[in-house]
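Enquirer: For reference, the file entry-v5.cif (mmCIF, C-alpha atoms) is included below:
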```cif
data_upload
#
loop_
_atom_site.group_PDB
_atom_site.id
_atom_site.type_symbol
_atom_site.label_atom_id
_atom_site.label_comp_id
_atom_site.auth_asym_id
_atom_site.auth_seq_id
_atom_site.Cartn_x
_atom_site.Cartn_y
_atom_site.Cartn_z
ATOM 1 C CA MET W 9 -11.053 -23.724 24.932
ATOM 2 C CA SER W 10 -10.045 -20.176 25.808
ATOM 3 C CA ARG W 11 -8.468 -17.887 23.239
ATOM 4 C CA SER W 12 -5.228 -17.815 25.189
ATOM 5 C CA SER W 13 -4.999 -21.612 25.078
ATOM 6 C CA LYS W 14 -5.486 -21.946 21.333
ATOM 7 C CA ARG W 15 -2.438 -22.975 19.407
ATOM 8 C CA ARG W 16 -1.624 -20.504 16.660
ATOM 9 C CA PRO W 17 0.278 -21.491 13.547
ATOM 10 C CA PRO W 18 3.912 -20.450 13.791
ATOM 11 C CA ALA W 19 4.577 -17.124 12.150
ATOM 12 C CA ALA W 20 6.972 -16.877 9.259
ATOM 13 C CA PRO W 21 10.313 -15.683 10.657
ATOM 14 C CA PRO W 22 12.003 -12.718 8.961
ATOM 15 C CA GLN W 23 14.126 -15.104 6.872
ATOM 16 C CA ARG W 24 10.993 -16.910 5.684
ATOM 17 C CA THR W 25 9.275 -13.652 4.742
ATOM 18 C CA ALA W 26 12.339 -12.571 2.798
ATOM 19 C CA ALA W 27 12.393 -15.955 1.061
ATOM 20 C CA LEU W 28 8.760 -15.583 -0.006
ATOM 21 C CA ILE W 29 9.408 -12.107 -1.389
ATOM 22 C CA SER W 30 12.500 -13.443 -3.139
ATOM 23 C CA ARG W 31 10.296 -16.037 -4.804
ATOM 24 C CA SER W 32 8.217 -13.236 -6.312
ATOM 25 C CA LEU W 33 11.376 -11.419 -7.449
ATOM 26 C CA ALA W 34 12.596 -14.561 -9.204
ATOM 27 C CA TYR W 35 9.232 -14.829 -10.936
ATOM 28 C CA VAL W 36 9.611 -11.256 -12.189
ATOM 29 C CA ASP W 37 12.995 -12.056 -13.714
ATOM 30 C CA ALA W 38 11.644 -15.151 -15.466
ATOM 31 C CA HIS W 39 8.511 -13.476 -16.837
ATOM 32 C CA LEU W 40 9.489 -9.930 -17.815
ATOM 33 C CA ASP W 41 7.827 -10.374 -21.201
ATOM 34 C CA GLN W 42 4.467 -11.128 -19.580
ATOM 35 C CA VAL W 43 1.887 -9.156 -17.617
ATOM 36 C CA LEU W 44 3.179 -8.658 -14.066
ATOM 37 C CA ASP W 45 1.023 -7.199 -11.321
ATOM 38 C CA ALA W 46 0.723 -7.396 -7.553
ATOM 39 C CA HIS W 47 -1.975 -10.087 -7.703
ATOM 40 C CA THR W 48 0.196 -12.407 -9.785
ATOM 41 C CA LEU W 49 3.238 -11.854 -7.574
ATOM 42 C CA ALA W 50 1.195 -12.261 -4.381
ATOM 43 C CA ASP W 51 0.130 -15.685 -5.613
ATOM 44 C CA GLN W 52 3.761 -16.585 -6.272
ATOM 45 C CA ALA W 53 4.699 -15.545 -2.738
ATOM 46 C CA ALA W 54 1.656 -17.310 -1.242
ATOM 47 C CA MET W 55 0.609 -14.074 0.470
ATOM 48 C CA SER W 56 -2.647 -12.198 0.848
ATOM 49 C CA ARG W 57 -3.322 -9.873 -2.050
ATOM 50 C CA HIS W 58 -4.539 -7.207 0.367
ATOM 51 C CA HIS W 59 -1.189 -7.106 2.146
ATOM 52 C CA PHE W 60 1.433 -8.273 -0.359
ATOM 53 C CA HIS W 61 2.187 -4.851 -1.813
ATOM 54 C CA ARG W 62 2.932 -3.389 1.626
ATOM 55 C CA MET W 63 5.108 -6.363 2.585
ATOM 56 C CA PHE W 64 6.909 -6.110 -0.764
ATOM 57 C CA GLN W 65 7.586 -2.425 -0.293
ATOM 58 C CA ALA W 66 8.793 -2.961 3.262
ATOM 59 C CA GLN W 67 11.235 -5.671 2.173
ATOM 60 C CA VAL W 68 12.403 -4.285 -1.181
ATOM 61 C CA GLY W 69 12.110 -0.540 -0.601
ATOM 62 C CA CYS W 70 9.882 0.290 -3.558
ATOM 63 C CA SER W 71 6.510 -0.585 -5.018
ATOM 64 C CA VAL W 72 5.894 -3.670 -7.146
ATOM 65 C CA ALA W 73 5.367 -1.500 -10.215
ATOM 66 C CA SER W 74 8.618 0.404 -9.642
ATOM 67 C CA TYR W 75 10.586 -2.812 -9.213
ATOM 68 C CA VAL W 76 9.121 -4.338 -12.385
ATOM 69 C CA THR W 77 9.963 -1.170 -14.321
ATOM 70 C CA TRP W 78 13.521 -1.214 -12.986
ATOM 71 C CA ARG W 79 14.067 -4.859 -13.991
ATOM 72 C CA ARG W 80 12.517 -4.337 -17.423
ATOM 73 C CA LEU W 81 14.792 -1.404 -18.126
ATOM 74 C CA GLN W 82 17.786 -3.409 -16.942
ATOM 75 C CA ARG W 83 16.869 -6.194 -19.326
ATOM 76 C CA ALA W 84 16.277 -3.814 -22.232
ATOM 77 C CA CYS W 85 19.575 -1.972 -21.717
ATOM 78 C CA ALA W 86 21.524 -5.219 -21.453
ATOM 79 C CA LEU W 87 20.021 -6.444 -24.718
ATOM 80 C CA LEU W 88 20.638 -3.122 -26.461
ATOM 81 C CA VAL W 89 24.367 -3.142 -25.769
ATOM 82 C CA SER W 90 24.944 -6.869 -26.258
ATOM 83 C CA GLY W 91 23.358 -7.573 -29.625
ATOM 84 C CA PRO W 92 21.984 -6.187 -32.900
ATOM 85 C CA GLU W 93 18.317 -7.121 -32.410
ATOM 86 C CA PRO W 94 15.789 -4.459 -33.478
ATOM 87 C CA VAL W 95 14.533 -2.156 -30.734
ATOM 88 C CA LEU W 96 10.994 -3.532 -31.177
ATOM 89 C CA GLU W 97 12.180 -7.080 -30.540
ATOM 90 C CA ILE W 98 14.049 -5.947 -27.437
ATOM 91 C CA ALA W 99 11.048 -3.965 -26.223
ATOM 92 C CA LEU W 100 8.799 -7.010 -26.490
ATOM 93 C CA ALA W 101 11.354 -9.210 -24.709
ATOM 94 C CA ALA W 102 11.448 -6.709 -21.828
ATOM 95 C CA GLY W 103 7.684 -6.509 -21.510
ATOM 96 C CA TYR W 104 6.898 -3.341 -23.480
ATOM 97 C CA GLU W 105 4.203 -3.420 -26.143
ATOM 98 C CA SER W 106 6.158 -1.330 -28.643
ATOM 99 C CA ALA W 107 9.487 0.334 -29.314
ATOM 100 C CA GLN W 108 7.796 3.657 -28.586
ATOM 101 C CA ALA W 109 6.699 2.424 -25.149
ATOM 102 C CA LEU W 110 10.250 1.385 -24.292
ATOM 103 C CA ALA W 111 11.629 4.716 -25.504
ATOM 104 C CA LYS W 112 9.075 6.600 -23.412
ATOM 105 C CA ALA W 113 9.983 4.603 -20.289
ATOM 106 C CA MET W 114 13.694 5.197 -20.832
ATOM 107 C CA ARG W 115 13.201 8.931 -21.288
ATOM 108 C CA ARG W 116 11.021 9.126 -18.184
ATOM 109 C CA GLU W 117 13.114 6.946 -15.869
ATOM 110 C CA LEU W 118 16.660 7.253 -17.255
ATOM 111 C CA ASP W 119 16.619 10.480 -19.281
ATOM 112 C CA THR W 120 18.056 8.649 -22.280
ATOM 113 C CA THR W 121 16.933 6.694 -25.365
ATOM 114 C CA PRO W 122 17.433 3.166 -26.730
ATOM 115 C CA THR W 123 19.553 4.570 -29.544
ATOM 116 C CA ALA W 124 21.807 6.460 -27.130
ATOM 117 C CA VAL W 125 22.305 3.390 -24.940
ATOM 118 C CA ARG W 126 23.075 1.196 -27.947
ATOM 119 C CA ARG W 127 25.743 3.492 -29.385
ATOM 120 C CA GLY W 128 27.201 4.408 -25.979
ATOM 121 C CA ASP W 129 26.422 8.125 -26.177
ATOM 122 C CA SER W 130 24.546 8.213 -22.834
ATOM 123 C CA ALA W 131 25.982 7.843 -19.364
ATOM 124 C CA PRO W 132 26.851 4.190 -18.620
ATOM 125 C CA TRP W 133 23.461 2.520 -18.343
ATOM 126 C CA THR W 134 24.606 0.272 -15.491
ATOM 127 C CA SER W 135 25.054 3.327 -13.252
ATOM 128 C CA LEU W 136 21.552 4.500 -14.118
ATOM 129 C CA LEU W 137 19.979 1.237 -13.047
ATOM 130 C CA THR W 138 21.289 0.703 -9.530
ATOM 131 C CA PRO W 139 18.710 0.053 -6.777
ATOM 132 C CA ASP W 140 19.576 3.455 -5.283
ATOM 133 C CA ARG W 141 17.896 5.098 -8.255
ATOM 134 C CA LEU W 142 14.556 3.785 -7.033
ATOM 135 C CA GLN W 143 14.781 5.726 -3.786
ATOM 136 C CA HIS W 144 13.505 8.884 -5.503
ATOM 137 C CA LEU W 145 10.278 6.935 -5.991
ATOM 138 C CA ILE W 146 9.674 5.549 -2.499
ATOM 139 C CA PRO W 147 12.173 6.219 0.316
ATOM 140 C CA SER W 148 13.216 3.057 2.101
ATOM 141 C CA ILE W 149 12.248 2.726 5.730
ATOM 142 C CA HIS W 150 15.744 1.524 6.499
ATOM 143 C CA GLN W 151 17.085 4.883 5.299
ATOM 144 C CA THR W 152 14.645 6.909 7.382
ATOM 145 C CA GLY W 153 15.582 5.163 10.607
ATOM 146 C CA THR W 154 11.969 4.653 11.579
ATOM 147 C CA PRO W 155 11.791 2.631 14.822
ATOM 148 C CA THR W 156 10.103 -0.734 14.872
ATOM 149 C CA MET W 157 6.374 -0.439 15.546
ATOM 150 C CA GLN W 158 4.833 -2.167 18.541
ATOM 151 C CA VAL W 159 1.215 -3.232 18.764
ATOM 152 C CA THR W 160 -0.913 -1.013 21.011
ATOM 153 C CA ARG W 161 -3.730 -3.492 21.554
ATOM 154 C CA PHE W 162 -5.792 -6.210 19.934
ATOM 155 C CA THR W 163 -9.483 -5.661 19.334
ATOM 156 C CA THR W 164 -12.384 -7.425 17.659
ATOM 157 C CA LEU W 165 -14.679 -5.469 15.369
ATOM 158 C CA PRO W 166 -18.218 -6.859 15.664
ATOM 159 C CA PRO W 167 -20.287 -7.757 12.589
ATOM 160 C CA GLY W 168 -22.618 -5.225 11.032
ATOM 161 C CA ILE W 169 -20.570 -2.029 11.431
ATOM 162 C CA GLN W 170 -21.630 0.293 8.616
ATOM 163 C CA ALA W 171 -19.675 3.289 7.338
ATOM 164 C CA LEU W 172 -20.868 6.045 5.065
ATOM 165 C CA THR W 173 -18.011 6.305 2.568
ATOM 166 C CA ALA W 174 -16.765 8.599 -0.175
ATOM 167 C CA THR W 175 -13.996 7.717 -2.609
ATOM 168 C CA ALA W 176 -11.333 9.866 -4.245
ATOM 169 C CA ARG W 177 -8.256 8.978 -6.279
ATOM 170 C CA GLY W 178 -4.655 10.073 -6.447
ATOM 171 C CA MET W 179 -1.377 9.617 -4.578
ATOM 172 C CA VAL W 180 1.072 12.530 -4.798
ATOM 173 C CA ALA W 181 4.595 12.490 -3.334
ATOM 174 C CA ASN W 182 3.878 9.256 -1.468
ATOM 175 C CA THR W 183 0.812 10.630 0.325
ATOM 176 C CA MET W 184 -2.939 10.581 -0.218
ATOM 177 C CA THR W 185 -3.467 14.044 1.268
ATOM 178 C CA ARG W 186 -5.331 15.505 -1.700
ATOM 179 C CA ALA W 187 -7.505 12.435 -2.111
ATOM 180 C CA ALA W 188 -8.237 12.417 1.618
ATOM 181 C CA GLN W 189 -9.266 16.073 1.543
ATOM 182 C CA SER W 190 -11.528 15.398 -1.431
ATOM 183 C CA ALA W 191 -13.149 12.270 0.048
ATOM 184 C CA PHE W 192 -13.683 13.697 3.531
ATOM 185 C CA GLY W 193 -14.823 16.966 1.962
ATOM 186 C CA GLU W 194 -17.546 15.095 0.097
ATOM 187 C CA LEU W 195 -18.586 13.347 3.319
ATOM 188 C CA MET W 196 -18.719 16.566 5.334
ATOM 189 C CA ALA W 197 -20.704 18.350 2.632
ATOM 190 C CA ALA W 198 -23.303 15.581 2.789
ATOM 191 C CA VAL W 199 -23.466 15.106 6.564
ATOM 192 C CA VAL W 200 -22.972 18.522 8.176
ATOM 193 C CA PRO W 201 -26.104 20.187 6.726
ATOM 194 C CA THR W 202 -28.247 17.325 8.075
ATOM 195 C CA GLY W 203 -27.179 17.828 11.685
ATOM 196 C CA LEU W 204 -25.996 14.212 11.917
ATOM 197 C CA MET W 205 -22.412 15.037 12.890
ATOM 198 C CA ALA W 206 -23.421 14.692 16.532
ATOM 199 C CA GLN W 207 -23.950 10.978 15.858
ATOM 200 C CA ALA W 208 -20.606 10.486 14.090
ATOM 201 C CA ARG W 209 -18.373 8.382 16.331
ATOM 202 C CA SER W 210 -15.534 7.122 14.115
ATOM 203 C CA PHE W 211 -13.671 8.485 11.102
ATOM 204 C CA ILE W 212 -11.819 5.890 9.043
ATOM 205 C CA SER W 213 -9.870 5.532 5.832
ATOM 206 C CA ILE W 214 -9.077 2.575 3.611
ATOM 207 C CA VAL W 215 -6.627 2.453 0.702
ATOM 208 C CA PRO W 216 -7.666 -0.735 -1.125
ATOM 209 C CA ASP W 217 -5.269 -0.485 -4.078
ATOM 210 C CA GLU W 218 -1.585 -1.136 -4.598
ATOM 211 C CA HIS W 219 -0.097 2.229 -5.478
ATOM 212 C CA GLN W 220 2.025 2.348 -8.616
ATOM 213 C CA GLY W 221 4.810 4.509 -7.202
ATOM 214 C CA PRO W 222 4.735 7.781 -5.212
ATOM 215 C CA ASP W 223 2.595 9.572 -7.821
ATOM 216 C CA ASP W 224 -0.349 7.390 -8.795
ATOM 217 C CA PRO W 225 -3.458 9.194 -10.063
ATOM 218 C CA HIS W 226 -5.586 6.024 -9.939
ATOM 219 C CA CYS W 227 -4.969 4.825 -6.370
ATOM 220 C CA ARG W 228 -8.229 4.983 -4.406
ATOM 221 C CA TYR W 229 -8.719 6.587 -1.001
ATOM 222 C CA VAL W 230 -11.924 5.597 0.792
ATOM 223 C CA ALA W 231 -12.989 7.886 3.638
ATOM 224 C CA GLY W 232 -15.717 6.793 6.011
ATOM 225 C CA ILE W 233 -17.855 7.867 8.941
ATOM 226 C CA VAL W 234 -19.308 5.369 11.389
ATOM 227 C CA PHE W 235 -22.406 6.598 13.189
ATOM 228 C CA GLY W 236 -23.266 5.406 16.682
ATOM 229 C CA HIS W 237 -20.278 3.085 17.207
ATOM 230 C CA GLU W 238 -16.932 4.254 18.584
ATOM 231 C CA MET W 239 -14.325 1.925 17.151
ATOM 232 C CA ALA W 240 -11.524 3.082 19.455
ATOM 233 C CA SER W 241 -13.416 1.979 22.570
ATOM 234 C CA GLY W 242 -15.767 -0.586 21.026
ATOM 235 C CA GLN W 243 -18.767 1.236 22.525
ATOM 236 C CA GLY W 244 -22.118 1.984 20.939
ATOM 237 C CA THR W 245 -24.327 0.512 18.235
ATOM 238 C CA SER W 246 -23.717 1.141 14.558
ATOM 239 C CA GLN W 247 -26.417 3.251 12.899
ATOM 240 C CA GLN W 248 -27.325 3.928 9.292
ATOM 241 C CA PRO W 249 -29.094 7.302 9.117
ATOM 242 C CA ASP W 250 -31.385 7.979 6.194
ATOM 243 C CA LEU W 251 -29.198 10.079 3.922
ATOM 244 C CA PRO W 252 -29.570 10.701 0.184
ATOM 245 C CA LEU W 253 -26.629 9.177 -1.683
ATOM 246 C CA SER W 254 -25.001 11.039 -4.557
ATOM 247 C CA GLY W 255 -21.566 11.324 -6.113
ATOM 248 C CA THR W 256 -19.343 8.594 -4.667
ATOM 249 C CA LEU W 257 -21.288 8.278 -1.410
ATOM 250 C CA ALA W 258 -22.095 4.696 -0.425
ATOM 251 C CA TRP W 259 -22.717 2.538 2.634
ATOM 252 C CA GLN W 260 -19.974 -0.011 3.226
ATOM 253 C CA THR W 261 -19.901 -2.836 5.762
ATOM 254 C CA LEU W 262 -16.563 -2.955 7.571
ATOM 255 C CA GLU W 263 -14.866 -6.331 7.798
ATOM 256 C CA PRO W 264 -15.536 -7.841 11.239
ATOM 257 C CA GLY W 265 -12.976 -9.862 13.173
ATOM 258 C CA ARG W 266 -9.741 -9.458 15.054
ATOM 259 C CA TYR W 267 -7.347 -6.557 14.437
ATOM 260 C CA ALA W 268 -3.905 -5.646 15.720
ATOM 261 C CA VAL W 269 -3.985 -1.907 16.434
ATOM 262 C CA PHE W 270 -0.929 0.351 16.196
ATOM 263 C CA THR W 271 -0.551 3.999 17.187
ATOM 264 C CA HIS W 272 0.981 6.676 14.988
ATOM 265 C CA ILE W 273 1.532 10.166 16.374
ATOM 266 C CA GLY W 274 2.562 12.740 13.803
ATOM 267 C CA PRO W 275 1.671 14.141 10.391
ATOM 268 C CA TYR W 276 -0.170 12.012 7.878
ATOM 269 C CA THR W 277 2.791 12.390 5.505
ATOM 270 C CA THR W 278 4.826 10.001 7.707
ATOM 271 C CA LEU W 279 2.156 7.299 8.008
ATOM 272 C CA TYR W 280 3.790 5.230 5.264
ATOM 273 C CA GLN W 281 6.854 4.826 7.495
ATOM 274 C CA ALA W 282 4.700 3.279 10.211
ATOM 275 C CA TRP W 283 3.124 0.909 7.690
ATOM 276 C CA ASP W 284 6.562 -0.125 6.437
ATOM 277 C CA ALA W 285 7.776 -0.778 9.978
ATOM 278 C CA ILE W 286 4.750 -2.962 10.719
ATOM 279 C CA TYR W 287 5.188 -5.127 7.639
ATOM 280 C CA ALA W 288 8.994 -5.233 7.684
ATOM 281 C CA ASP W 289 9.653 -5.684 11.399
ATOM 282 C CA TRP W 290 6.619 -6.389 13.550
ATOM 283 C CA LEU W 291 4.699 -8.855 11.395
ATOM 284 C CA PRO W 292 7.584 -11.239 10.561
ATOM 285 C CA SER W 293 8.506 -11.478 14.253
ATOM 286 C CA SER W 294 4.934 -11.819 15.522
ATOM 287 C CA ASN W 295 3.090 -15.074 16.031
ATOM 288 C CA LEU W 296 0.251 -14.024 13.763
ATOM 289 C CA THR W 297 -1.012 -14.423 10.211
ATOM 290 C CA LEU W 298 -3.031 -11.905 8.217
ATOM 291 C CA ARG W 299 -6.660 -12.166 7.185
ATOM 292 C CA ASP W 300 -7.307 -11.525 3.497
ATOM 293 C CA VAL W 301 -9.187 -8.264 4.062
ATOM 294 C CA PRO W 302 -8.002 -4.654 3.707
ATOM 295 C CA PRO W 303 -6.482 -2.850 6.712
ATOM 296 C CA MET W 304 -7.824 0.477 7.935
ATOM 297 C CA GLU W 305 -6.767 3.731 9.552
ATOM 298 C CA LEU W 306 -8.833 5.292 12.348
ATOM 299 C CA CYS W 307 -8.511 9.040 12.907
ATOM 300 C CA ILE W 308 -8.620 9.793 16.645
ATOM 301 C CA ASN W 309 -8.351 13.563 16.131
ATOM 302 C CA THR W 310 -8.472 15.837 13.098
ATOM 303 C CA PRO W 311 -6.189 18.380 11.357
ATOM 304 C CA GLN W 312 -8.855 21.041 11.914
ATOM 305 C CA THR W 313 -8.217 21.054 15.681
ATOM 306 C CA THR W 314 -4.788 19.409 16.034
ATOM 307 C CA PRO W 315 -1.284 20.442 14.857
ATOM 308 C CA PRO W 316 0.365 17.949 12.473
ATOM 309 C CA GLU W 317 2.921 16.699 14.997
ATOM 310 C CA LYS W 318 0.130 15.700 17.409
ATOM 311 C CA LEU W 319 -2.232 13.980 14.986
ATOM 312 C CA HIS W 320 -3.261 10.610 16.422
ATOM 313 C CA THR W 321 -3.961 7.811 13.946
ATOM 314 C CA GLU W 322 -4.610 4.161 14.682
ATOM 315 C CA ILE W 323 -3.588 1.545 12.118
ATOM 316 C CA TRP W 324 -5.881 -1.507 12.151
ATOM 317 C CA LEU W 325 -4.247 -4.616 10.733
ATOM 318 C CA PRO W 326 -6.612 -7.619 10.257
ATOM 319 C CA VAL W 327 -5.099 -10.724 11.852
ATOM 320 C CA ASN W 328 -6.243 -14.292 12.438
ATOM 321 C CA ASP W 329 -7.077 -15.552 15.917
#
```
Have the structure of the file written as structure tokens, please.
Expert:
Amino acid sequence: MSRSSKRRPPAAPPQRTAALISRSLAYVDAHLDQVLDAHTLADQAAMSRHHFHRMFQAQVGCSVASYVTWRRLQRACALLVSGPEPVLEIALAAGYESAQALAKAMRRELDTTPTAVRRGDSAPWTSLLTPDRLQHLIPSIHQTGTPTMQVTRFTTLPPGIQALTATARGMVANTMTRAAQSAFGELMAAVVPTGLMAQARSFISIVPDEHQGPDDPHCRYVAGIVFGHEMASGQGTSQQPDLPLSGTLAWQTLEPGRYAVFTHIGPYTTLYQAWDAIYADWLPSSNLTLRDVPPMELCINTPQTTPPEKLHTEIWLPVND
């Protein structure tokens, strides 16, 4: 049977995707006093853990962590003004491990304190906890007016493609620019002196973690070089040159299989808008389901030779046949 004649499972329509995300939101509300993370909520939404956080952000307009924080603060403020329970008891009911942890979160996010909310000395807490307040964390794609992404092509990555990788951490202002510079800097420092750059055919990046808001010092950025195989054209044979490994350098096998490839032209700082458009608009209306493997970005050109507005990046989204 040819690929074109295979029957694919019907894709979840936009309403279905929204319903699945809503299921995870309802779970948050019912379990604020428990540990809540993207893995738990992905299970509730019956979605891939590798993709749930991007789909959540595209639908809700903020990260999972930011939404959980917002709902916990809502719950805490409501309890503070409606009853005489001790602040510690309220903190625990809202998912904070101590009264001090709740106070720290309220100072950081609301610029107020539990005592001020309780006695009414702060600005009305309901105005501090509107969804709009979250937009300083992660701007919503629907506010930016980003057009819907369209798939450029479908491709199949063969088995056995190896990448020499380096890993750095840290998201700042919704971008991984510093981490990318660090990771690729480590790669270049290891490869350039060996003369192996002539064999480098593909430059990739993978962000395997759910970021905890626009400034997340722990979010990993994995930069990679593929020798011998050009991923954009599918030409060549993957090679693994004999290189000494130090620091974070490691060889990583890229996930084989089918990918939907999208094109982004512009600075790396706007890549998140393309990701949001893919998960919010293209995926729900496509006839495809996602494989439970991390997506990738493929750098077609580099900032060293290309102005920011002309940077060409391919987004590789792993999909089922």
Enquirer: Please enumerate the residues selected by the PyMOL selection byres ((chain W and resi 66-68) around 10) when evaluated against the supplied file, formatted as a count of residues only.
Expert: 30
Enquirer: Could you work out an axis-aligned bounding box for all listed atoms of stretch 47-57 of chain W, with 5 Å added on each of the six sides, and give its centre and edge lengths in Å to one decimal, as AutoDock Vina command-line options?
Expert:
```
--center_x 0.7 --center_y -13.6 --center_z -4.5 --size_x 18.0 --size_y 17.4 --size_z 20.6
```
Enquirer: Atom CA of W:Ser190 and atom CA of W:Tyr229, how far apart in Å?
Expert: 9.3 Å
Enquirer: What does the PyMOL selection byres ((chain W and resi 44-49) around 10) select in this file, as an MDAnalysis selection string?
Expert: chainID W and resid 29 31:36 39:43 50:61 64 71:73 76 103 217:220
Enquirer: For each of W:Ile233, W:Val89, W:Ala99, W:Ala181, take the minimum atom-to-atom distance to W:Asp129, counting only C-alpha atoms, then give the residue where this is smallest.
Expert: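 Residue with the minimum atom-to-atom distance to W:Asp129: W:Val89.
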Enquirer: Using Å and a single decimal, report how far atom CA of W:Ile273 sits from atom CA of W:Ile169.
Expert: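 Atom CA of W:Ile273 lies at a distance of 25.7 Å from atom CA of W:Ile169.
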